[in-house]
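Raw entry.txt, compact mmCIF, C-alpha atoms and all ligand atoms:
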# COMPACT_ATOMS: atom_id res chain seq x y z
CA MET A 1 0.00 0.00 0.00
CA VAL A 2 1.31 3.38 -0.90
CA ILE A 3 0.45 6.37 1.17
CA MET A 4 0.57 9.55 -0.70
CA VAL A 5 2.04 12.36 1.37
CA SER A 6 2.42 15.81 0.02
CA ARG A 7 5.75 17.62 0.32
CA SER A 8 4.26 20.32 2.51
CA THR A 9 3.00 17.71 5.01
CA VAL A 10 6.51 16.18 5.25
CA PHE A 11 7.94 19.64 5.80
CA ARG A 12 5.47 20.44 8.59
CA PHE A 13 6.17 17.08 10.26
CA LEU A 14 9.93 17.59 10.20
CA SER A 15 9.59 21.15 11.46
CA ALA A 16 7.54 19.93 14.39
CA LEU A 17 10.18 17.27 15.19
CA VAL A 18 12.99 19.80 15.10
CA LEU A 19 11.00 22.10 17.37
CA LEU A 20 10.38 19.26 19.84
CA PHE A 21 14.05 18.35 20.03
CA PHE A 22 14.93 21.99 20.51
CA LEU A 23 12.51 22.35 23.40
CA ALA A 24 13.68 19.11 25.04
CA GLY A 25 17.33 20.06 24.80
CA CYS A 26 17.35 23.74 25.50
CA GLY A 27 14.07 24.53 27.09
CA VAL A 28 13.67 25.36 30.75
CA PRO A 29 12.44 22.39 32.81
CA LEU A 30 9.02 22.97 34.29
CA SER A 31 10.27 22.45 37.84
CA GLU A 32 12.49 25.50 37.45
CA HIS A 33 9.41 27.67 37.37
CA TRP A 34 8.19 26.30 40.69
CA SER A 35 11.40 26.28 42.66
CA GLY A 36 11.12 29.84 43.83
CA TYR A 37 14.05 32.15 44.29
CA ARG A 38 17.41 30.53 44.83
CA PRO A 39 20.38 32.57 45.98
CA GLY A 40 22.83 33.19 43.18
CA GLN A 41 20.32 32.23 40.47
CA GLY A 42 18.23 34.49 38.33
CA ALA A 43 18.84 37.62 40.31
CA GLU A 44 15.87 39.45 41.72
CA PRO A 45 15.52 42.99 40.50
CA SER A 46 17.87 45.10 42.56
CA THR A 47 16.63 48.13 44.43
CA ALA A 48 18.41 51.15 45.80
CA ALA A 49 18.63 49.43 49.20
CA ASP A 50 20.55 46.48 47.73
CA SER A 51 23.96 48.07 47.97
CA PRO A 52 26.90 45.68 47.42
CA ALA A 53 27.88 46.07 51.08
CA ALA A 54 24.42 45.07 52.29
CA ALA A 55 24.40 42.06 49.96
CA ALA A 56 27.85 40.92 51.11
CA LYS A 57 27.00 41.07 54.81
CA PRO A 58 23.85 39.18 55.79
CA PRO A 59 22.19 40.35 59.01
CA ALA A 60 23.54 38.68 62.15
CA PRO A 61 21.33 35.83 63.37
CA ALA A 62 19.27 36.66 66.44
CA ALA A 63 20.77 35.58 69.78
CA PRO A 64 19.26 32.38 71.17
CA ASP A 65 16.69 32.65 73.97
CA CYS A 66 18.68 31.32 76.94
CA ARG A 67 15.48 30.73 78.93
CA ARG A 68 14.57 28.04 76.41
CA VAL A 69 17.86 26.61 75.19
CA LYS A 70 21.14 25.64 76.84
CA CYS A 71 23.55 28.57 76.84
CA VAL A 72 27.05 29.10 78.14
CA ALA A 73 29.10 32.30 78.24
CA LEU A 74 32.77 31.67 77.55
CA THR A 75 34.90 34.57 78.75
CA PHE A 76 38.54 35.37 78.07
CA ASP A 77 40.52 37.72 80.29
CA ASP A 78 43.78 39.66 80.12
CA GLY A 79 44.12 40.10 76.35
CA PRO A 80 44.39 41.03 73.63
CA GLY A 81 47.46 38.84 73.25
CA ALA A 82 49.45 36.51 71.05
CA TYR A 83 46.76 33.79 70.83
CA THR A 84 43.70 35.99 70.48
CA GLU A 85 43.48 35.97 66.68
CA ALA A 86 43.67 32.16 66.62
CA MET A 87 40.96 32.08 69.29
CA LEU A 88 38.74 34.35 67.18
CA LYS A 89 39.13 32.00 64.21
CA LEU A 90 38.24 29.00 66.34
CA LEU A 91 35.18 30.68 67.86
CA ASP A 92 34.04 31.66 64.39
CA GLU A 93 34.36 28.06 63.16
CA HIS A 94 32.02 26.97 65.96
CA ASN A 95 29.60 29.85 65.45
CA ALA A 96 30.43 30.91 69.01
CA LYS A 97 30.13 34.35 70.57
CA ALA A 98 32.24 35.08 73.65
CA THR A 99 33.14 37.94 75.96
CA PHE A 100 36.65 39.37 76.12
CA PHE A 101 37.69 41.30 79.23
CA LEU A 102 40.49 43.50 78.04
CA ILE A 103 43.41 45.08 79.84
CA GLY A 104 43.78 48.69 78.69
CA LYS A 105 47.55 48.41 78.37
CA ASN A 106 47.18 45.44 76.03
CA VAL A 107 44.55 47.21 73.95
CA GLU A 108 47.04 50.03 73.35
CA ARG A 109 49.59 47.42 72.31
CA HIS A 110 47.20 45.46 70.03
CA PRO A 111 44.43 47.82 68.88
CA GLY A 112 43.84 45.81 65.69
CA ILE A 113 43.08 42.63 67.62
CA ALA A 114 40.58 44.46 69.85
CA ARG A 115 38.96 45.79 66.67
CA ASP A 116 38.71 42.25 65.27
CA GLU A 117 36.97 41.08 68.46
CA VAL A 118 34.33 43.77 68.08
CA ALA A 119 33.97 43.17 64.33
CA ALA A 120 33.35 39.45 64.98
CA GLY A 121 30.41 40.31 67.25
CA HIS A 122 31.95 39.41 70.61
CA GLU A 123 31.20 41.38 73.77
CA ILE A 124 33.93 43.56 75.23
CA GLY A 125 34.44 44.08 78.94
CA ASN A 126 36.77 46.27 80.98
CA HIS A 127 39.45 44.46 83.01
CA THR A 128 41.32 47.59 84.24
CA PHE A 129 44.30 49.29 82.62
CA SER A 130 47.13 47.47 84.36
CA HIS A 131 45.46 44.50 86.09
CA GLN A 132 45.23 46.11 89.51
CA ASP A 133 43.63 44.66 92.63
CA LEU A 134 40.92 47.30 92.94
CA THR A 135 40.48 46.68 96.68
CA LYS A 136 43.99 48.06 97.20
CA LEU A 137 43.27 51.33 95.39
CA SER A 138 41.35 54.44 96.40
CA LEU A 139 37.96 54.95 94.77
CA ALA A 140 39.41 57.63 92.50
CA ALA A 141 42.37 55.45 91.48
CA GLY A 142 40.07 52.51 90.74
CA GLN A 143 37.81 54.69 88.62
CA ARG A 144 40.86 56.00 86.78
CA GLU A 145 42.00 52.43 85.97
CA LEU A 146 38.60 51.68 84.47
CA ARG A 147 38.19 55.02 82.68
CA LYS A 148 41.60 54.78 81.00
CA THR A 149 40.70 51.30 79.75
CA GLU A 150 37.34 52.43 78.46
CA GLU A 151 39.06 55.24 76.55
CA ALA A 152 41.64 52.84 75.07
CA ILE A 153 38.89 50.44 73.94
CA LYS A 154 36.84 53.26 72.41
CA LYS A 155 39.86 54.63 70.61
CA ALA A 156 40.88 51.24 69.23
CA THR A 157 37.46 49.84 68.33
CA GLY A 158 34.88 52.60 68.41
CA ALA A 159 32.93 50.43 70.88
CA THR A 160 32.27 51.03 74.56
CA PRO A 161 32.85 48.17 77.03
CA THR A 162 29.51 46.93 78.34
CA LEU A 163 30.76 45.12 81.46
CA VAL A 164 33.50 45.31 84.10
CA ARG A 165 35.35 42.31 85.43
CA PRO A 166 37.64 43.26 88.30
CA PRO A 167 41.00 41.45 88.43
CA TYR A 168 40.91 38.59 90.97
CA GLY A 169 37.13 38.97 91.04
CA VAL A 170 37.18 41.58 93.78
CA ILE A 171 35.79 45.09 93.70
CA PRO A 172 35.01 47.52 96.54
CA LYS A 173 31.29 48.16 97.04
CA GLY A 174 31.63 51.90 96.51
CA LEU A 175 33.35 51.45 93.18
CA LYS A 176 30.81 48.85 92.06
CA LYS A 177 27.94 51.22 92.87
CA SER A 178 29.59 54.06 90.98
CA LEU A 179 29.80 52.08 87.71
CA ASP A 180 27.42 52.68 84.84
CA VAL A 181 27.85 49.09 83.63
CA PRO A 182 27.27 45.74 85.39
CA VAL A 183 30.04 43.62 86.92
CA ALA A 184 30.54 40.15 85.44
CA LEU A 185 32.23 37.52 87.58
CA TRP A 186 32.08 33.78 86.75
CA SER A 187 30.66 30.47 87.93
CA VAL A 188 33.25 28.09 86.47
CA ASP A 189 36.96 28.81 86.85
CA THR A 190 38.91 26.51 84.51
CA LEU A 191 42.10 27.48 86.43
CA ASP A 192 43.79 27.70 83.03
CA TRP A 193 45.82 30.64 84.38
CA LYS A 194 47.22 28.40 87.11
CA THR A 195 47.65 24.96 85.52
CA ARG A 196 48.64 26.17 82.01
CA ASP A 197 47.73 22.62 81.03
CA THR A 198 45.55 21.79 78.03
CA LYS A 199 44.16 18.55 79.43
CA LYS A 200 43.41 20.02 82.86
CA THR A 201 41.67 23.00 81.23
CA THR A 202 39.55 20.64 79.13
CA GLN A 203 38.66 18.57 82.21
CA ALA A 204 37.76 21.69 84.21
CA ALA A 205 35.35 22.65 81.43
CA GLU A 206 33.36 19.48 82.14
CA LYS A 207 31.89 21.36 85.14
CA ILE A 208 30.05 23.64 82.73
CA ALA A 209 26.26 23.60 83.13
CA PRO A 210 23.51 25.61 81.43
CA GLY A 211 23.90 29.25 82.48
CA SER A 212 27.60 28.98 83.34
CA ILE A 213 29.93 31.93 82.96
CA VAL A 214 33.32 30.36 82.30
CA LEU A 215 36.61 32.02 83.21
CA MET A 216 39.48 31.49 80.77
CA HIS A 217 42.41 33.46 79.39
CA ASP A 218 43.28 33.96 75.74
CA ILE A 219 46.88 34.82 76.63
CA HIS A 220 47.84 31.17 77.27
CA LYS A 221 48.68 28.69 74.51
CA SER A 222 47.34 25.82 76.63
CA THR A 223 43.92 27.50 76.70
CA LEU A 224 43.88 27.95 72.95
CA GLU A 225 44.80 24.29 72.53
CA ALA A 226 42.02 23.21 74.89
CA MET A 227 39.35 25.11 72.99
CA PRO A 228 38.69 22.81 70.00
CA LYS A 229 37.62 19.95 72.30
CA ILE A 230 35.68 22.22 74.66
CA LEU A 231 33.76 23.80 71.79
CA THR A 232 33.14 20.49 70.05
CA ASP A 233 31.97 18.68 73.21
CA LEU A 234 29.67 21.48 74.38
CA GLY A 235 28.34 21.95 70.84
CA ALA A 236 27.50 18.22 70.69
CA GLN A 237 25.57 18.62 73.97
CA GLY A 238 23.45 21.31 72.33
CA TYR A 239 24.99 24.37 73.97
CA HIS A 240 24.74 27.81 72.40
CA PHE A 241 27.80 29.99 72.94
CA VAL A 242 26.63 33.47 73.87
CA THR A 243 27.99 36.67 75.39
CA VAL A 244 27.57 37.39 79.09
CA SER A 245 24.90 40.02 78.43
CA GLN A 246 22.98 37.58 76.22
CA LEU A 247 23.27 34.87 78.87
CA VAL A 248 22.19 37.06 81.77
CA GLY A 249 19.57 38.91 79.75
CA ASN A 250 19.71 42.68 80.23
CA PRO A 251 22.18 42.89 83.15
CA LYS A 252 21.90 45.97 85.38
CA PRO A 253 24.65 48.33 86.58
CA GLY A 254 25.63 48.07 90.25
CA ILE A 255 25.09 44.29 90.27
CA ALA A 256 27.70 41.52 89.98
CA TYR A 257 26.67 38.52 87.86
CA GLY A 258 28.11 35.05 88.23
CA THR A 259 25.56 33.01 86.31
CA GLY A 260 22.79 33.61 83.82
CA LEU A 261 19.39 32.47 82.70
CA HIS A 262 18.99 28.80 81.94
CA PRO A 263 16.18 26.37 81.12
CA GLY A 264 14.28 25.36 84.22
CA GLY A 265 16.12 27.92 86.31
CA LYS A 266 14.71 30.89 88.15
CA GLY A 267 16.70 33.31 85.98
NI NI B 301 42.83 38.94 84.86
Can the structure in the file be given as structure tokens, please?
Amino acid sequence: MVIMVSRSTVFRFLSALVLLFFLAGCGVPLSEHWSGYRPGQGAEPSTAADSPAAAAKPPAPAAPDCRRVKCVALTFDDGPGAYTEAMLKLLDEHNAKATFFLIGKNVERHPGIARDEVAAGHEIGNHTFSHQDLTKLSLAAGQRELRKTEEAIKKATGATPTLVRPPYGVIPKGLKKSLDVPVALWSVDTLDWKTRDTKKTTQAAEKIAPGSIVLMHDIHKSTLEAMPKILTDLGAQGYHFVTVSQLVGNPKPGIAYGTGLHPGGKG
């Protein structure tokens, strides 16, 4: 049997085939239309608010609610020093925020490191200018120690310290009352300053509980070397690493804090 097909019919048939192949090969899959916006793909129309700087720096994630989740405030005293930058890198890798209690003298020596601490979103506290025992100074001399440090921090970083931690954890009542920021002590002392031992520092960190404020020092190599395990272990237990102010939740001047809010606690 012979089927008679006109030339124009053959042409239309072939054209349709070519068009089909073209669509299959180069067309946009249907799913693409339903996948919504994906970062880096098919840019959304930019507006005046979408400056390159705003696009490069996403907004910081909100701090966790320490009344509902396990939080710990890691604190580092006596810097900035030789191991601080490495500590900042480590904290960043673990998505951890911490509080650094700075010595004014060291801020003047390492202003760039203090700036990096602020830029990374850590909290900055005042630890006096020359690590003085404030109970051995007059009120005026104690205030001078703190004021000089505040000025050094402001000059180096543009930020104002939000807490005071007195060296040795002691502060005269009169001086404490005269402060316009709260005092932050601690609830877990890792004794890293005394043992200078990585393993002992790691073991001491096992005392950490929800709401702990942990005393450490970023001026010791042994502390830096203890941090990867401490951060990994606490992270695996579901801890969020927050600043002291985030942990305590709106701390008030004139009061000394040693622990913070925690799930099931009284705050
Ligand atoms: Ni100290």
*Would you mind listing what lies within 10 Å of stretch 184-197 of chain A as a count of residues only, with all atoms listed in the file counted and same-chain residues fewer than 6 positions away left out?*
48
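Taking atom CA of A:Ala141 and atom CA of A:Asn250 as endpoints, the distance between them is 28.3 Å.
Atom pair atom CA of A:Thr135 / atom CA of A:Arg109 has a distance of 26.0 Å (rounded to one decimal).
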Please work out which residues fall within 12 Å of (27.6, 22.3, 72.7), coordinates as given in the file, with all atoms listed in the file counting, and return them as an mmCIF file with C-alpha atoms, keeping the file's coordinate frame.
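point_16.cif, freshly written:
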data_model
loop_
_atom_site.group_PDB
_atom_site.id
_atom_site.type_symbol
_atom_site.label_atom_id
_atom_site.label_comp_id
_atom_site.auth_asym_id
_atom_site.auth_seq_id
_atom_site.Cartn_x
_atom_site.Cartn_y
_atom_site.Cartn_z
ATOM 1 C CA VAL A 69 17.860 26.610 75.190
ATOM 2 C CA LYS A 70 21.140 25.640 76.840
ATOM 3 C CA CYS A 71 23.550 28.570 76.840
ATOM 4 C CA VAL A 72 27.050 29.100 78.140
ATOM 5 C CA ALA A 73 29.100 32.300 78.240
ATOM 6 C CA LEU A 74 32.770 31.670 77.550
ATOM 7 C CA HIS A 94 32.020 26.970 65.960
ATOM 8 C CA ASN A 95 29.600 29.850 65.450
ATOM 9 C CA ALA A 96 30.430 30.910 69.010
ATOM 10 C CA ALA A 205 35.350 22.650 81.430
ATOM 11 C CA GLU A 206 33.360 19.480 82.140
ATOM 12 C CA ILE A 208 30.050 23.640 82.730
ATOM 13 C CA ALA A 209 26.260 23.600 83.130
ATOM 14 C CA PRO A 210 23.510 25.610 81.430
ATOM 15 C CA PRO A 228 38.690 22.810 70.000
ATOM 16 C CA LYS A 229 37.620 19.950 72.300
ATOM 17 C CA ILE A 230 35.680 22.220 74.660
ATOM 18 C CA LEU A 231 33.760 23.800 71.790
ATOM 19 C CA THR A 232 33.140 20.490 70.050
ATOM 20 C CA ASP A 233 31.970 18.680 73.210
ATOM 21 C CA LEU A 234 29.670 21.480 74.380
ATOM 22 C CA GLY A 235 28.340 21.950 70.840
ATOM 23 C CA ALA A 236 27.500 18.220 70.690
ATOM 24 C CA GLN A 237 25.570 18.620 73.970
ATOM 25 C CA GLY A 238 23.450 21.310 72.330
ATOM 26 C CA TYR A 239 24.990 24.370 73.970
ATOM 27 C CA HIS A 240 24.740 27.810 72.400
ATOM 28 C CA PHE A 241 27.800 29.990 72.940
ATOM 29 C CA VAL A 242 26.630 33.470 73.870
#
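Counting from atom CA of A:Pro172, the distance to atom CA of A:Gln143 is 11.0 Å.
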*Please check which residues have atoms at most 6 Å from (37.5, 29.2, 71.5) in the file's coordinates, counting all atoms listed in the file, and write them as a VMD selection string.*
chain A and resid 87 90 to 91 227
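The smallest atom-to-atom distance between ligand NI 301 (chain B) and any of A:Lys105, A:Val181, A:His131, A:Arg68, using all atoms listed in the file, is found for A:His131.
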*asked:* Using all atoms listed in the file, can you tell me which of A:Ala98, A:Cys66, A:Leu88, A:Leu134 comes closest to ligand NI 301 (chain B)?
replied: A:Leu134
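Compared by their closest atoms to ligand NI 301 (chain B), and using all atoms listed in the file, the residues A:Ala62, A:Ala119, A:Ile103, A:Ile171 rank with A:Ile103 nearest.
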*Skip A:Asp116 itself and residues of its chain fewer than 5 positions away, then list as an MDAnalysis selection string all residues within 9 Å of it, counting only C-alpha atoms.*
chainID A and resid 85 88 111 121 157
